[in-house]
>>> print(open('structure.cif').read())   # mmCIF, C-alpha atoms and all ligand atoms
data_input
#
loop_
_atom_site.label_atom_id
_atom_site.label_comp_id
_atom_site.auth_asym_id
_atom_site.auth_seq_id
_atom_site.Cartn_x
_atom_site.Cartn_y
_atom_site.Cartn_z
CA MET N 7 87.10 100.04 108.97
CA ASN N 8 86.66 103.15 111.11
CA LYS N 9 89.53 104.82 109.31
CA ALA N 10 87.84 104.07 105.98
CA ASP N 11 84.47 105.38 107.22
CA SER N 12 86.11 108.56 108.55
CA GLN N 13 88.00 109.12 105.32
CA ARG N 14 84.85 108.76 103.23
CA LEU N 15 82.92 111.13 105.49
CA ALA N 16 85.76 113.66 105.22
CA TRP N 17 85.59 113.48 101.40
CA ASP N 18 81.81 113.99 101.46
CA LEU N 19 82.27 117.03 103.71
CA GLU N 20 85.04 118.37 101.45
CA ARG N 21 82.64 118.07 98.50
CA LEU N 22 80.27 120.34 100.46
CA GLY N 23 83.05 122.92 100.80
CA TYR N 24 84.36 122.02 104.26
CA GLN N 25 88.07 121.88 105.06
CA HIS N 26 90.04 120.02 107.69
CA ALA N 27 90.51 122.03 110.87
CA GLN N 28 93.85 121.67 112.64
CA ARG N 29 92.28 121.61 116.11
CA ALA N 30 88.84 120.77 117.50
CA GLU N 31 88.62 124.34 118.89
CA GLU N 32 88.58 125.70 115.31
CA ALA N 33 86.08 123.22 113.86
CA ASP N 34 82.43 123.84 112.97
CA ILE N 35 81.78 120.10 113.02
CA ILE N 36 83.56 117.64 115.32
CA VAL N 37 83.02 113.93 114.66
CA LEU N 38 84.20 111.22 117.06
CA ASN N 39 84.08 107.96 115.13
CA SER N 40 84.13 105.48 117.97
CA CYS N 41 85.46 101.92 118.30
CA VAL N 42 84.34 99.70 121.16
CA VAL N 43 86.13 96.49 120.26
CA ARG N 44 88.07 96.71 123.55
CA GLN N 45 87.50 98.67 126.74
CA ASN N 46 90.58 100.88 126.24
CA ALA N 47 89.30 102.05 122.84
CA GLU N 48 85.95 102.89 124.45
CA ASP N 49 87.71 104.71 127.31
CA ARG N 50 89.56 106.94 124.87
CA VAL N 51 86.25 108.05 123.33
CA LEU N 52 84.74 108.66 126.78
CA ASN N 53 87.73 110.82 127.78
CA LYS N 54 87.56 112.80 124.57
CA LEU N 55 83.80 113.33 125.00
CA SER N 56 84.39 114.67 128.47
CA ASP N 57 87.22 116.98 127.24
CA LEU N 58 84.86 118.40 124.62
CA LYS N 59 82.29 119.50 127.22
CA ALA N 60 84.15 122.77 127.89
CA LEU N 61 84.56 123.48 124.19
CA LYS N 62 80.85 122.96 123.58
CA ARG N 63 80.04 125.38 126.42
CA LYS N 64 82.29 128.02 124.84
CA ARG N 65 81.07 127.34 121.30
CA PRO N 66 77.50 126.02 121.45
CA ASP N 67 77.19 126.62 117.68
CA ALA N 68 79.76 123.89 116.90
CA THR N 69 78.16 120.54 115.98
CA LEU N 70 79.44 117.64 118.07
CA VAL N 71 78.80 114.17 116.60
CA LEU N 72 79.30 110.77 118.17
CA ALA N 73 79.45 108.13 115.42
CA GLY N 74 80.52 104.51 115.07
CA CYS N 75 80.25 101.39 117.18
CA MET N 76 79.57 103.12 120.51
CA VAL N 77 76.18 104.09 119.10
CA ASP N 78 73.83 101.13 119.37
CA SER N 79 70.06 101.12 118.98
CA ALA N 80 69.58 102.38 122.58
CA VAL N 81 70.39 106.02 121.76
CA ASP N 82 68.29 107.37 124.64
CA GLY N 83 70.84 106.23 127.23
CA LEU N 84 73.63 107.93 125.27
CA LYS N 85 71.56 111.11 124.95
CA SER N 86 71.13 111.42 128.69
CA ALA N 87 74.78 110.50 129.40
CA PHE N 88 76.14 113.00 126.85
CA PRO N 89 73.67 115.88 126.53
CA HIS N 90 76.36 118.06 124.92
CA VAL N 91 76.43 115.77 121.85
CA ASP N 92 74.23 117.03 118.99
CA LEU N 93 74.02 113.91 116.78
CA PHE N 94 74.40 110.17 117.41
CA LEU N 95 75.08 108.14 114.27
CA ARG N 96 75.35 104.38 113.91
CA PRO N 97 78.30 102.91 111.94
CA GLN N 98 78.26 104.32 108.37
CA GLY N 99 75.00 106.11 109.03
CA PHE N 100 76.37 109.52 108.06
CA ASP N 101 73.38 110.77 106.00
CA GLU N 102 71.85 112.79 108.81
CA LEU N 103 75.16 114.59 109.37
CA LEU N 104 75.60 115.30 105.65
CA THR N 105 72.12 116.84 105.43
CA HIS N 106 72.88 118.99 108.46
CA ALA N 107 76.30 119.96 107.02
CA LYS N 108 74.68 120.90 103.71
CA ASP N 109 72.20 123.21 105.45
CA LEU N 110 74.99 124.73 107.51
CA SER N 111 77.29 125.29 104.55
CA SER N 112 74.62 126.82 102.33
CA ALA N 113 73.74 129.21 105.17
CA GLN N 114 77.39 130.24 105.55
CA THR N 115 79.03 130.09 102.13
CA GLN N 116 78.44 129.37 98.46
CA ASN N 117 82.03 128.26 98.03
CA ILE N 118 81.54 124.58 97.10
CA SER N 119 84.72 122.68 96.28
CA PRO N 120 83.78 119.55 94.30
CA THR N 121 87.04 117.57 94.38
CA PRO N 122 88.52 116.28 97.61
CA SER N 123 92.26 115.63 97.47
CA LEU N 124 92.84 111.88 97.46
CA PRO N 125 95.91 110.12 98.86
CA PRO N 126 97.83 107.52 96.76
CA THR N 127 96.57 104.66 98.93
CA THR N 128 93.08 104.24 100.24
CA PHE N 129 90.56 101.81 101.72
CA VAL N 130 87.47 100.52 99.93
CA PRO N 131 84.90 98.78 102.14
CA ILE N 132 83.41 95.89 100.15
CA ILE N 133 81.44 94.00 102.80
CA GLN N 134 79.91 95.42 105.96
CA GLY N 135 79.13 93.64 109.20
CA CYS N 136 79.91 90.10 110.27
CA ASN N 137 77.93 86.85 110.62
CA ASN N 138 80.47 84.96 112.69
CA PHE N 139 79.74 85.84 116.30
CA CYS N 140 83.13 84.88 117.74
CA THR N 141 82.26 84.72 121.43
CA TYR N 142 84.47 87.65 122.48
CA CYS N 143 83.57 90.08 119.70
CA ILE N 144 81.11 92.96 119.70
CA VAL N 145 81.35 93.73 115.98
CA PRO N 146 78.27 91.74 114.79
CA TYR N 147 76.15 93.44 117.48
CA ARG N 148 77.18 96.94 116.41
CA ARG N 149 77.84 96.62 112.69
CA GLY N 150 75.10 94.11 111.93
CA ARG N 151 75.07 91.15 109.55
CA GLU N 152 77.18 90.79 106.43
CA LYS N 153 76.13 92.90 103.49
CA SER N 154 78.27 92.89 100.34
CA ARG N 155 78.41 95.83 97.97
CA PRO N 156 77.56 94.89 94.37
CA LEU N 157 80.65 94.12 92.29
CA ALA N 158 79.84 96.73 89.63
CA GLU N 159 79.46 99.42 92.31
CA ILE N 160 82.90 98.63 93.73
CA ILE N 161 84.52 98.72 90.29
CA CYS N 162 82.92 102.08 89.60
CA ASP N 163 84.07 103.36 93.00
CA VAL N 164 87.66 102.23 92.34
CA GLN N 165 87.66 103.78 88.85
CA GLY N 166 86.61 107.11 90.38
CA LEU N 167 89.36 106.86 93.01
CA ILE N 168 92.00 106.24 90.32
CA GLN N 169 90.86 109.33 88.43
CA GLY N 170 91.47 111.22 91.66
CA GLY N 171 95.07 109.93 91.83
CA VAL N 172 94.72 106.79 93.96
CA LYS N 173 97.27 104.06 93.11
CA GLN N 174 96.47 101.36 95.66
CA VAL N 175 93.20 100.15 97.13
CA THR N 176 92.81 97.98 100.22
CA LEU N 177 89.51 96.11 100.07
CA LEU N 178 87.99 95.94 103.52
CA GLY N 179 85.67 93.67 105.41
CA GLN N 180 85.58 92.22 108.91
CA ASN N 181 85.49 88.96 107.05
CA VAL N 182 86.57 90.13 103.61
CA ASN N 183 86.87 86.66 102.09
CA SER N 184 83.20 85.90 102.61
CA TYR N 185 82.48 88.69 100.09
CA GLY N 186 79.64 88.06 97.68
CA HIS N 187 77.76 85.11 99.21
CA ASP N 188 74.71 87.37 99.64
CA LEU N 189 74.78 88.82 96.10
CA PRO N 190 72.91 87.51 93.03
CA GLY N 191 75.15 85.05 91.16
CA LYS N 192 77.40 84.84 94.24
CA PRO N 193 80.58 86.46 92.92
CA ASP N 194 83.44 85.92 95.36
CA LEU N 195 86.53 87.88 96.37
CA ALA N 196 88.67 86.09 93.75
CA ASP N 197 86.20 87.22 91.05
CA LEU N 198 86.33 90.80 92.32
CA LEU N 199 90.16 90.76 92.42
CA ARG N 200 90.24 89.50 88.83
CA GLU N 201 88.00 92.38 87.68
CA LEU N 202 89.94 95.01 89.59
CA ASN N 203 93.26 93.65 88.32
CA GLN N 204 92.26 94.77 84.81
CA ILE N 205 91.75 98.43 85.70
CA ASP N 206 94.35 100.69 84.09
CA GLY N 207 96.07 103.09 86.44
CA LEU N 208 95.61 100.90 89.49
CA ALA N 209 99.01 99.69 90.70
CA ARG N 210 98.28 97.59 93.75
CA ILE N 211 95.38 95.77 95.39
CA ARG N 212 95.29 94.53 98.99
CA PHE N 213 92.50 93.05 101.08
CA LEU N 214 91.82 92.48 104.77
CA THR N 215 90.84 90.83 107.07
CA SER N 216 90.57 87.20 105.93
CA HIS N 217 88.89 84.62 108.13
CA PRO N 218 90.84 81.32 108.10
CA LYS N 219 87.67 79.25 107.75
CA ASP N 220 86.66 81.08 104.54
CA MET N 221 90.08 81.07 102.83
CA ASP N 222 89.64 78.85 99.78
CA GLN N 223 92.10 77.65 97.15
CA LYS N 224 90.50 79.83 94.47
CA LEU N 225 91.40 82.96 96.45
CA ILE N 226 94.93 81.73 97.16
CA GLU N 227 95.42 81.11 93.46
CA ALA N 228 94.03 84.53 92.58
CA VAL N 229 96.62 86.17 94.87
CA ALA N 230 99.35 84.00 93.35
CA SER N 231 98.44 84.77 89.75
CA LEU N 232 97.13 88.37 89.60
CA ASP N 233 100.00 90.82 89.16
CA LYS N 234 98.40 93.77 91.00
CA VAL N 235 97.30 91.76 94.02
CA CYS N 236 99.98 92.10 96.70
CA GLU N 237 101.54 89.11 98.44
CA HIS N 238 100.24 89.94 101.87
CA ILE N 239 97.48 88.13 103.75
CA SER N 240 96.06 89.04 107.12
CA LEU N 241 94.87 85.82 108.76
CA PRO N 242 93.94 86.18 112.44
CA VAL N 243 94.58 82.99 114.41
CA GLN N 244 93.61 84.40 117.86
CA SER N 245 95.03 81.46 119.88
CA GLY N 246 97.33 78.48 119.52
CA ASP N 247 95.13 76.21 121.64
CA ASN N 248 92.23 74.16 120.27
CA GLU N 249 90.13 74.38 123.43
CA ILE N 250 90.40 78.17 123.45
CA LEU N 251 89.61 78.35 119.72
CA LYS N 252 86.50 76.27 120.38
CA ALA N 253 85.45 78.52 123.26
CA MET N 254 86.01 81.50 120.96
CA ARG N 255 83.87 79.76 118.26
CA ARG N 256 86.44 80.43 115.58
CA GLY N 257 85.42 77.50 113.41
CA TYR N 258 88.89 75.95 112.80
CA THR N 259 91.50 73.95 114.65
CA ILE N 260 95.19 74.70 114.89
CA GLU N 261 95.89 71.72 112.62
CA GLN N 262 93.59 73.23 109.95
CA TYR N 263 95.13 76.67 110.39
CA ARG N 264 98.68 75.28 110.07
CA GLU N 265 97.74 73.35 106.92
CA LEU N 266 96.24 76.54 105.45
CA VAL N 267 99.45 78.50 106.14
CA PHE N 268 101.51 75.79 104.41
CA ARG N 269 99.16 75.87 101.42
CA ILE N 270 99.38 79.66 101.16
CA ARG N 271 103.16 79.64 101.49
CA SER N 272 103.64 76.98 98.86
CA ALA N 273 101.32 78.73 96.36
CA ILE N 274 102.61 82.27 96.96
CA PRO N 275 106.39 82.38 97.43
CA ASP N 276 107.59 85.25 99.67
CA VAL N 277 104.05 85.94 100.92
CA ALA N 278 103.90 88.02 104.10
CA LEU N 279 101.43 86.82 106.72
CA SER N 280 100.08 88.87 109.58
CA THR N 281 97.88 87.64 112.38
CA ASP N 282 95.92 88.73 115.45
CA VAL N 283 96.22 87.11 118.87
CA ILE N 284 94.15 87.54 122.02
CA VAL N 285 95.91 86.71 125.31
CA GLY N 286 94.15 86.05 128.61
CA PHE N 287 90.88 84.70 127.19
CA PRO N 288 88.82 82.98 129.95
CA ASN N 289 90.47 79.73 131.13
CA GLU N 290 93.70 80.35 129.23
CA ASP N 291 96.14 78.72 131.66
CA LEU N 292 99.91 78.77 131.19
CA GLU N 293 99.94 75.57 129.18
CA ARG N 294 97.34 76.91 126.75
CA PHE N 295 99.15 80.23 126.49
CA ARG N 296 102.43 78.36 125.83
CA ARG N 297 100.72 76.77 122.77
CA THR N 298 100.15 80.25 121.36
CA LEU N 299 103.82 81.15 121.85
CA ASP N 300 104.87 77.85 120.26
CA LEU N 301 102.65 78.50 117.25
CA LEU N 302 104.13 81.97 116.76
CA GLN N 303 107.66 80.48 116.92
CA GLU N 304 106.68 77.77 114.47
CA LEU N 305 104.81 79.84 111.86
CA ARG N 306 106.96 83.00 112.12
CA PHE N 307 104.47 85.67 111.02
CA ASP N 308 105.63 89.00 109.66
CA ILE N 309 103.33 90.96 111.96
CA VAL N 310 101.35 89.96 115.04
CA HIS N 311 98.68 92.27 116.47
CA VAL N 312 98.24 91.22 120.07
CA ALA N 313 95.47 92.29 122.45
CA ALA N 314 94.59 91.43 126.03
CA TYR N 315 91.10 89.92 126.31
CA SER N 316 88.57 92.61 127.16
CA PRO N 317 85.04 91.43 128.08
CA ARG N 318 82.37 93.22 126.00
CA SER N 319 79.04 93.10 127.75
CA ALA N 320 76.77 92.00 124.88
CA THR N 321 78.97 89.06 123.88
CA ILE N 322 78.59 85.36 124.67
CA ALA N 323 82.02 85.14 126.35
CA ALA N 324 81.26 88.06 128.66
CA GLN N 325 77.90 86.56 129.61
CA ARG N 326 78.93 82.93 130.06
CA LEU N 327 82.65 82.81 130.87
CA GLU N 328 84.43 84.23 133.86
CA ASP N 329 87.16 86.74 133.01
CA ASN N 330 89.57 84.74 135.18
CA VAL N 331 93.03 85.83 134.01
CA GLU N 332 94.31 88.69 136.18
CA PRO N 333 95.04 92.01 134.40
CA ALA N 334 98.75 91.87 135.38
CA GLU N 335 98.99 88.33 134.01
CA LYS N 336 97.33 89.39 130.74
CA LYS N 337 99.80 92.25 130.45
CA GLY N 338 102.73 89.88 131.10
CA ARG N 339 101.50 87.50 128.38
CA LEU N 340 101.01 90.38 125.97
CA CYS N 341 104.62 91.48 126.57
CA GLN N 342 105.88 87.93 126.01
CA VAL N 343 104.12 87.77 122.63
CA GLU N 344 105.51 91.18 121.71
CA GLU N 345 109.07 90.18 122.68
CA ILE N 346 109.02 86.96 120.70
CA GLN N 347 107.48 88.67 117.71
CA GLU N 348 109.98 91.54 117.80
CA GLN N 349 112.78 89.05 117.41
CA ILE N 350 111.03 87.10 114.64
CA ALA N 351 110.16 90.28 112.73
CA ALA N 352 113.75 91.56 113.05
CA GLU N 353 115.08 88.27 111.68
CA ARG N 354 112.59 88.19 108.81
CA ASN N 355 113.24 91.82 107.91
CA ALA N 356 117.04 91.37 108.03
CA LEU N 357 116.68 89.12 104.96
CA PHE N 358 115.83 92.24 102.93
CA VAL N 359 119.18 93.97 103.56
CA GLY N 360 121.14 94.13 100.32
CA GLN N 361 118.01 93.56 98.19
CA ALA N 362 116.27 96.00 95.85
CA VAL N 363 112.53 96.18 96.53
CA GLU N 364 109.66 97.88 94.74
CA VAL N 365 107.87 100.37 96.98
CA LEU N 366 104.82 102.57 96.63
CA VAL N 367 105.36 105.97 98.29
CA GLU N 368 102.53 106.86 100.70
CA GLY N 369 103.69 110.14 102.17
CA ARG N 370 106.32 111.77 104.36
CA LYS N 371 107.40 110.95 107.89
CA GLY N 372 109.43 113.90 109.11
CA SER N 373 112.08 114.56 106.47
CA ARG N 374 111.90 111.08 104.93
CA TRP N 375 109.60 109.39 102.42
CA GLN N 376 107.41 106.63 103.79
CA SER N 377 106.62 103.76 101.47
CA ARG N 378 105.66 100.08 101.46
CA THR N 379 106.76 96.95 99.69
CA ARG N 380 104.18 94.68 98.09
CA THR N 381 104.47 92.58 101.26
CA ASP N 382 103.44 95.63 103.32
CA LYS N 383 106.88 96.26 104.86
CA LEU N 384 107.35 99.88 105.82
CA VAL N 385 110.36 101.43 104.02
CA PHE N 386 111.86 104.87 104.71
CA PHE N 387 114.25 106.66 102.37
CA ASP N 388 115.52 110.17 101.58
CA SER N 389 115.00 111.93 98.31
CA PRO N 390 114.79 115.59 97.28
CA ALA N 391 112.42 114.59 94.45
CA ASP N 392 108.62 114.56 94.79
CA CYS N 393 108.06 110.83 95.15
CA LEU N 394 104.47 110.82 96.43
CA GLY N 395 102.38 108.10 94.78
CA GLN N 396 105.31 106.70 92.78
CA LEU N 397 106.43 103.11 92.43
CA LEU N 398 110.20 103.10 92.98
CA GLN N 399 113.05 100.68 93.52
CA VAL N 400 114.77 101.07 96.89
CA ASP N 401 118.01 99.34 97.91
CA ILE N 402 117.56 98.19 101.49
CA GLU N 403 120.50 99.12 103.73
CA HIS N 404 119.13 98.65 107.26
CA ALA N 405 116.34 96.59 108.80
CA GLY N 406 114.68 96.67 112.18
CA PRO N 407 111.66 94.78 113.51
CA TRP N 408 109.16 97.45 112.44
CA SER N 409 110.66 99.00 109.31
CA LEU N 410 113.36 98.98 106.65
CA GLN N 411 115.57 101.87 105.54
CA GLY N 412 117.11 102.24 102.13
CA LYS N 413 118.43 104.33 99.35
CA CYS N 414 116.46 105.20 96.27
CA GLY N 415 118.15 105.41 92.86
CA VAL N 416 116.18 108.53 91.86
CA ASP N 417 118.12 110.64 94.45
CA ASN N 418 121.33 110.70 92.53
CA GLY N 419 120.40 109.71 89.03
CA GLU N 420 121.52 106.10 89.43
CA GLU N 421 118.38 104.76 87.75
N1 LIG Z 1 87.36 89.86 111.67
C1 LIG Z 1 88.67 89.73 112.10
C2 LIG Z 1 88.89 88.32 112.66
O1 LIG Z 1 88.29 87.39 112.24
O2 LIG Z 1 89.71 88.15 113.53
C3 LIG Z 1 89.09 90.76 113.09
C4 LIG Z 1 88.19 91.90 113.45
S1 LIG Z 1 88.26 92.34 115.14
C5 LIG Z 1 87.26 93.72 115.15
C6 LIG Z 1 89.89 92.93 115.31
C7 LIG Z 1 90.69 92.26 116.38
O3 LIG Z 1 90.32 92.75 117.62
C8 LIG Z 1 90.46 90.76 116.50
O4 LIG Z 1 91.28 90.05 115.60
C9 LIG Z 1 90.80 90.45 117.92
O5 LIG Z 1 92.15 90.04 118.04
C10 LIG Z 1 90.58 91.79 118.61
N2 LIG Z 1 89.43 91.71 119.51
C11 LIG Z 1 88.13 91.66 119.20
N3 LIG Z 1 87.38 91.57 120.31
C12 LIG Z 1 88.23 91.57 121.35
C13 LIG Z 1 88.07 91.50 122.75
N4 LIG Z 1 86.86 91.40 123.31
N5 LIG Z 1 89.17 91.54 123.53
C14 LIG Z 1 90.40 91.64 122.98
N6 LIG Z 1 90.61 91.70 121.66
C15 LIG Z 1 89.54 91.67 120.85
FE1 LIG Z 2 84.57 89.73 115.30
FE2 LIG Z 2 86.15 89.03 113.27
FE3 LIG Z 2 84.89 87.14 114.69
FE4 LIG Z 2 83.50 88.75 113.08
S1 LIG Z 2 85.07 87.22 112.46
S2 LIG Z 2 82.91 88.18 115.16
S3 LIG Z 2 84.61 90.67 113.31
S4 LIG Z 2 86.50 88.57 115.39
#
>>> encode(input="structure.cif", output="C-alpha cells", more="lines below")
Ligand code: SAM
Ligand code: SF4
Amino acid sequence: MNKADSQRLAWDLERLGYQHAQRAEEADIIVLNSCVVRQNAEDRVLNKLSDLKALKRKRPDATLVLAGCMVDSAVDGLKSAFPHVDLFLRPQGFDELLTHAKDLSSAQTQNISPTPSLPPTTFVPIIQGCNNFCTYCIVPYRRGREKSRPLAEIICDVQGLIQGGVKQVTLLGQNVNSYGHDLPGKPDLADLLRELNQIDGLARIRFLTSHPKDMDQKLIEAVASLDKVCEHISLPVQSGDNEILKAMRRGYTIEQYRELVFRIRSAIPDVALSTDVIVGFPNEDLERFRRTLDLLQELRFDIVHVAAYSPRSATIAAQRLEDNVEPAEKKGRLCQVEEIQEQIAAERNALFVGQAVEVLVEGRKGSRWQSRTRTDKLVFFDSPADCLGQLLQVDIEHAGPWSLQGKCGVDNGEE
C-alpha cells in the first residue's frame, strides 16, 4: 500500500514538473513514506530521519516530509522529536505537500510536464483502511476504517493508466475482498473484476490482500472464469493453531481455512497461493508453533511471508498479552519457517522446468529481463529485443525457490 501511495505521489509531482532525484542530497523535496507495522520498519524510518538531519542543516531550503503510518493524530509529539521535518502527513494525505510543491515549482520554473511515465504494471488502491482489528495489528489505528472507492472511479482510473501504457493492475486493500460493502448498491470485488475484465488494452488483473473470512464462492468463481484475472491469491493464515488464531481475533479456524484452500484449488486449477505467518505471538509454545509448520507442510503454499511478532503499543495484544517468546526463539522459529518454505517453493517451482509459460515483462534486472507468470512466479530471461510491457512465451530451463530462468523465442526468431 505504501508503494502504491508513493508511486501516486511521484506521478502527481511529475505532473507539476518535478523529476526523480538520484540521491536525497540533490532533491528539493524528500518524502519518507513510513510503515510502522513492525518495530524494524519503524526503526529504519527513525535512522533515515536522523541521517537527514545533517543534510537539512546544509540545505535548509529542501523540504523534508514525513508521511505514512508513523504520523498519527498526535503530530505535536512528532514535531518536537523531529524539528528538522517540515511537513507531517497522514497516510494518503498528500494534498498539503502538493499545494506546497505547486507554489515551489511555479516560483522556480514554468516547465510543467503533464505526463508521468508509467510502468507496465502498477497498483490501484480500491479500499482504504481496515475494520478487522486483529489484535497484533496497528493498521486500523493508523489507516482508519474501511472506505471503498466508487466502482466507476476505479474503472476511470484504470482506463487512464492503460492509456499511459499500463498492462497489469494489482487492486489493493488491506482487506481487498471486503470491497464495496460501504458503497450504494454494495458492489463487491467479483463485480469490479467483471467490469475491469472488459477493458480493452488491459492484459492482467491481480488483487491483494484477501482475508480468509471474507473469501466467498462468488469471488473464487470470478477468478476461475475471468480470463484477465490471474490465478494467484494472497490469503494470510498467520498461524496454524486455533488458540493463537482466536487470540489474534482472525475470525476463522484452521479447519475453515483448510476447507477454503481446498475449495479454491478445486475451482482454480494451478492457482498459486501465498500466505503470511507470524511466529512468536504471545503464548505460542513449541506445540502451537509445530502446528504452523505442519500446516505449511500440508498446504504447500507458493510463497510464505514470515514475520516475528512485534508488539505495537496501541494494539490489543500489546496491551493485554505478555510478549513472552524470547527474541532468539522468535528468530529460530522464523528461520525454521523459511527453511521449510524454501524447500517447498523449490519443489513447486521445479515442476515448471520444461514448460512454456506466458510472462508479462516488468523491467530489467542487470542484463536480464524480469517478468512474471500469471501465477506471479518471477522469470528471468535474456533478449536483445525491447521486451518491456510485452506478453511473451518463455521456455523454463532452470528453477530455484525464488525464481525461474528461461529462454524466450523472440531472441532467435523461433516464434
Ligand atoms: N490485511 C492483511 C491480513 O489480513 O493479514 C495483511 C496486512 S498486514 C499490514 C501485513 C502483514 O504484516 C500481516 O499479514 C502480518 O503477518 C504482519 N504483521 C502485522 N502486524 C504485525 C506485528 N505486530 N508483528 C509481526 N507481524 C505483523
Ligand atoms: Fe491488520 Fe490485516 Fe488484520 Fe486488518 S485484516 S487488522 S490489516 S492484519
>>> axis_aligned_box(input="structure.cif", around="ligand LIG 1 (chain Z)", padding_each_side="4 Å", output="JSON")
{"center_x": 89.5, "center_y": 90.6, "center_z": 117.6, "size_x": 13.3, "size_y": 14.3, "size_z": 19.9}
>>> atom_distance(input="structure.cif", atom1="atom C15 of ligand LIG 1 (chain Z)", atom2="CA of Ile270 (chain N)")
25.1 Å
>>> closest_residue(input="structure.cif", among="N:Ser240, N:Asn46, N:Gln13, N:Gln28", to="Ser316 (chain N)", atoms="all atoms listed in the file")
N:Asn46
>>> closest_residue(input="structure.cif", among="N:Asp392, N:Asp220, N:Glu20, N:Asp308", to="ligand LIG 2 (chain Z)", atoms="only C-alpha atoms and all ligand atoms")
N:Asp220
>>> atom_distance(input="structure.cif", atom1="CA of Val182 (chain N)", atom2="CA of Leu299 (chain N)")
26.7 Å
>>> residues_near_ligand(input="structure.cif", ligand="ligand LIG 2 (chain Z)", cutoff="10 Å", atoms="only C-alpha atoms and all ligand atoms", output="ChimeraX atom specification")
/N:43,134-147,149,151-152,179-182,215-219,242-244,254-257,282,321
>>> closest_residue(input="structure.cif", among="N:Thr281, N:Ser231, N:Gln342, N:Thr298", to="ligand LIG 1 (chain Z)", atoms="only C-alpha atoms and all ligand atoms")
N:Thr281
>>> atom_distance(input="structure.cif", atom1="CA of Val235 (chain N)", atom2="CA of Glu403 (chain N)")
26.2 Å
>>> closest_residue(input="structure.cif", among="N:Ala273, N:Glu293, N:Lys234, N:Leu93", to="Glu249 (chain N)", atoms="only C-alpha atoms")
N:Glu293
